[in-house]
Amino acid sequence: NVDETPQQAMFRELWDEVGLSDDHVEIIYQTNSWLRYKLPKRMVRQNSQPTCIGQKQKWFLLKLNEDESELKLDNTNTPEFESWKWVDYWLPIDEVVYFKKRVYRCALQQLSAALNPVE
């Protein structure tokens, strides 16, 4: 939504995708700037409006303040996920599709500053 702040959009997505509200989490840190990627030309759907050619994203590091049982993947009629699991912090860089790797690396590097603050 155009009228949402990045934080509002994150909380909307968090509720839609995993059933957590702003009461369930605490924002620890967010990326400094917008992170962008473009879809490879062969993956751009030409017959959809508006045409999506990529994304710009802000990433947030959240602390879960509730039990894991609060996660609900079927919070909408069209769930985006079937399951979830805790993984090593850097693993998503290896697992994500190639054209998103740079964004994932950049985001995780920026967010890691909050995990290992310089004293």
# chains A, B, ... in the order shown; residues from 1 in each chain; ligands from 1
call {"tool": "residues_around", "arguments": {"residues": "segment 104-113 of chain A", "least_positions_apart": "4", "cutoff": "8 Å", "atoms": "only C-alpha atoms", "output": "list in words"}}
result
Tyr29, Gln30, Thr31, Asn32, Leu35, Trp59, Phe60, Leu61, Tyr89, Trp90, Pro92, Ile93, Lys100, Pro117 and Val118 of chain A
call {"tool": "write_last_selection", "arguments": {"atoms": "all heavy atoms", "output": "compact mmCIF listing (two decimals), in the first residue's frame"}}
result
# COMPACT_ATOMS: atom_id res chain seq x y z
N TYR A 29 16.17 -3.75 15.02
CA TYR A 29 16.97 -2.97 14.07
C TYR A 29 16.29 -3.04 12.70
O TYR A 29 15.47 -3.92 12.46
CB TYR A 29 18.37 -3.59 13.99
CG TYR A 29 19.46 -2.69 13.47
CD1 TYR A 29 19.87 -1.57 14.18
CD2 TYR A 29 20.08 -2.98 12.27
CE1 TYR A 29 20.89 -0.76 13.70
CE2 TYR A 29 21.10 -2.17 11.78
CZ TYR A 29 21.50 -1.06 12.51
OH TYR A 29 22.50 -0.25 12.03
N GLN A 30 16.62 -2.11 11.83
CA GLN A 30 16.16 -2.18 10.44
C GLN A 30 17.28 -1.75 9.52
O GLN A 30 18.21 -1.06 9.93
CB GLN A 30 14.91 -1.34 10.22
CG GLN A 30 15.14 0.15 10.24
CD GLN A 30 13.86 0.92 9.97
OE1 GLN A 30 12.77 0.52 10.37
NE2 GLN A 30 13.98 2.05 9.31
N THR A 31 17.19 -2.17 8.26
CA THR A 31 18.22 -1.79 7.30
C THR A 31 18.23 -0.28 7.12
O THR A 31 17.20 0.38 7.24
CB THR A 31 18.02 -2.49 5.94
OG1 THR A 31 16.70 -2.25 5.48
CG2 THR A 31 18.27 -3.98 6.05
N ASN A 32 19.42 0.25 6.83
CA ASN A 32 19.60 1.70 6.71
C ASN A 32 18.87 2.29 5.52
O ASN A 32 18.39 3.41 5.56
CB ASN A 32 21.09 2.03 6.57
CG ASN A 32 21.89 1.50 7.73
OD1 ASN A 32 21.43 1.49 8.86
ND2 ASN A 32 23.09 1.03 7.45
N LEU A 35 16.65 -1.72 -0.10
CA LEU A 35 17.44 -2.72 -0.82
C LEU A 35 16.61 -3.16 -2.02
O LEU A 35 15.41 -3.44 -1.89
CB LEU A 35 17.77 -3.90 0.09
CG LEU A 35 18.49 -3.53 1.38
CD1 LEU A 35 18.70 -4.76 2.26
CD2 LEU A 35 19.81 -2.84 1.09
N TRP A 59 14.36 -4.24 5.49
CA TRP A 59 14.39 -5.46 6.30
C TRP A 59 14.42 -5.07 7.77
O TRP A 59 15.02 -4.06 8.15
CB TRP A 59 15.63 -6.27 5.98
CG TRP A 59 15.56 -7.03 4.69
CD1 TRP A 59 15.17 -6.56 3.47
CD2 TRP A 59 15.93 -8.39 4.49
NE1 TRP A 59 15.27 -7.54 2.53
CE2 TRP A 59 15.74 -8.67 3.14
CE3 TRP A 59 16.41 -9.38 5.33
CZ2 TRP A 59 16.01 -9.93 2.59
CZ3 TRP A 59 16.69 -10.63 4.79
CH2 TRP A 59 16.48 -10.88 3.44
N PHE A 60 13.78 -5.91 8.61
CA PHE A 60 13.71 -5.67 10.04
C PHE A 60 14.22 -6.89 10.79
O PHE A 60 13.93 -8.02 10.41
CB PHE A 60 12.26 -5.41 10.47
CG PHE A 60 11.70 -4.12 9.95
CD1 PHE A 60 11.17 -4.04 8.68
CD2 PHE A 60 11.70 -2.98 10.74
CE1 PHE A 60 10.65 -2.85 8.18
CE2 PHE A 60 11.18 -1.79 10.26
CZ PHE A 60 10.66 -1.72 8.99
N LEU A 61 14.96 -6.64 11.85
CA LEU A 61 15.37 -7.70 12.78
C LEU A 61 14.40 -7.62 13.95
O LEU A 61 14.28 -6.57 14.58
CB LEU A 61 16.81 -7.46 13.25
CG LEU A 61 17.37 -8.46 14.25
CD1 LEU A 61 17.47 -9.85 13.64
CD2 LEU A 61 18.74 -8.00 14.73
N TYR A 89 21.87 -18.07 11.03
CA TYR A 89 21.64 -16.70 10.57
C TYR A 89 22.01 -16.49 9.11
O TYR A 89 21.28 -15.83 8.37
CB TYR A 89 22.44 -15.75 11.47
CG TYR A 89 22.21 -14.28 11.16
CD1 TYR A 89 21.09 -13.63 11.66
CD2 TYR A 89 23.10 -13.56 10.37
CE1 TYR A 89 20.87 -12.29 11.38
CE2 TYR A 89 22.88 -12.22 10.08
CZ TYR A 89 21.76 -11.60 10.60
OH TYR A 89 21.54 -10.27 10.31
N TRP A 90 23.13 -17.01 8.66
CA TRP A 90 23.62 -16.76 7.30
C TRP A 90 23.09 -17.73 6.25
O TRP A 90 23.28 -17.53 5.06
CB TRP A 90 25.16 -16.75 7.28
CG TRP A 90 25.71 -15.67 8.15
CD1 TRP A 90 26.27 -15.82 9.39
CD2 TRP A 90 25.75 -14.27 7.87
NE1 TRP A 90 26.64 -14.60 9.89
CE2 TRP A 90 26.35 -13.62 8.98
CE3 TRP A 90 25.34 -13.48 6.78
CZ2 TRP A 90 26.54 -12.25 9.04
CZ3 TRP A 90 25.53 -12.10 6.85
CH2 TRP A 90 26.12 -11.51 7.96
N PRO A 92 20.16 -18.32 4.84
CA PRO A 92 19.31 -17.83 3.74
C PRO A 92 20.08 -17.35 2.51
O PRO A 92 19.57 -17.48 1.39
CB PRO A 92 18.51 -16.70 4.38
CG PRO A 92 18.42 -17.11 5.82
CD PRO A 92 19.76 -17.73 6.12
N ILE A 93 21.28 -16.84 2.67
CA ILE A 93 22.06 -16.40 1.51
C ILE A 93 22.33 -17.57 0.58
O ILE A 93 22.28 -17.44 -0.64
CB ILE A 93 23.39 -15.73 1.94
CG1 ILE A 93 23.11 -14.46 2.73
CG2 ILE A 93 24.27 -15.43 0.73
CD1 ILE A 93 24.35 -13.86 3.38
N LYS A 100 18.41 -12.77 -5.84
CA LYS A 100 18.16 -12.10 -4.57
C LYS A 100 19.35 -12.19 -3.61
O LYS A 100 19.33 -11.59 -2.55
CB LYS A 100 16.92 -12.68 -3.88
CG LYS A 100 15.64 -12.44 -4.63
CD LYS A 100 14.47 -13.01 -3.84
CE LYS A 100 13.16 -12.84 -4.57
NZ LYS A 100 12.04 -13.37 -3.78
N PRO A 117 27.08 -5.76 18.56
CA PRO A 117 27.45 -4.33 18.64
C PRO A 117 28.92 -4.14 18.99
O PRO A 117 29.48 -4.90 19.78
CB PRO A 117 26.54 -3.78 19.73
CG PRO A 117 26.03 -4.96 20.47
CD PRO A 117 26.14 -6.16 19.59
N VAL A 118 29.51 -3.15 18.38
CA VAL A 118 30.90 -2.79 18.66
C VAL A 118 30.94 -2.06 19.98
O VAL A 118 30.16 -1.13 20.22
CB VAL A 118 31.47 -1.89 17.53
CG1 VAL A 118 32.89 -1.48 17.85
CG2 VAL A 118 31.38 -2.61 16.20
call {"tool": "residues_around", "arguments": {"residues": "Val44 of chain A", "least_positions_apart": "6", "cutoff": "10 Å", "atoms": "only C-alpha atoms", "output": "VMD selection string"}}
result
chain A and resid 38 51 to 54
call {"tool": "select_by_dssp", "arguments": {"residues": "chain A", "states": "strand (DSSP E or B)", "output": "PyMOL selection string"}}
result
chain A and resi 25-30+35-38+54-57+60-64
call {"tool": "closest_residue", "arguments": {"among": "A:Asn65, A:His24, A:Phe99, A:Val18", "to": "Lys41 of chain A", "atoms": "only C-alpha atoms"}}
result
A:Phe99
call {"tool": "atom_distance", "arguments": {"atom1": "atom CA of Ala9 of chain A", "atom2": "atom CA of Glu70 of chain A"}}
result
20.0 Å
call {"tool": "closest_residue", "arguments": {"among": "A:Val97, A:Ala114, A:Leu73, A:Leu39", "to": "Asp16 of chain A", "atoms": "only C-alpha atoms"}}
result
A:Leu73
call {"tool": "closest_residue", "arguments": {"among": "A:Asp67, A:Asp3, A:Glu17, A:Asp23", "to": "Trp84 of chain A", "atoms": "only C-alpha atoms"}}
result
A:Glu17
call {"tool": "select_by_dssp", "arguments": {"residues": "chain A", "states": "alpha helix (DSSP H)", "output": "ChimeraX atom specification"}}
result
/A:6-18,91-95,101-115
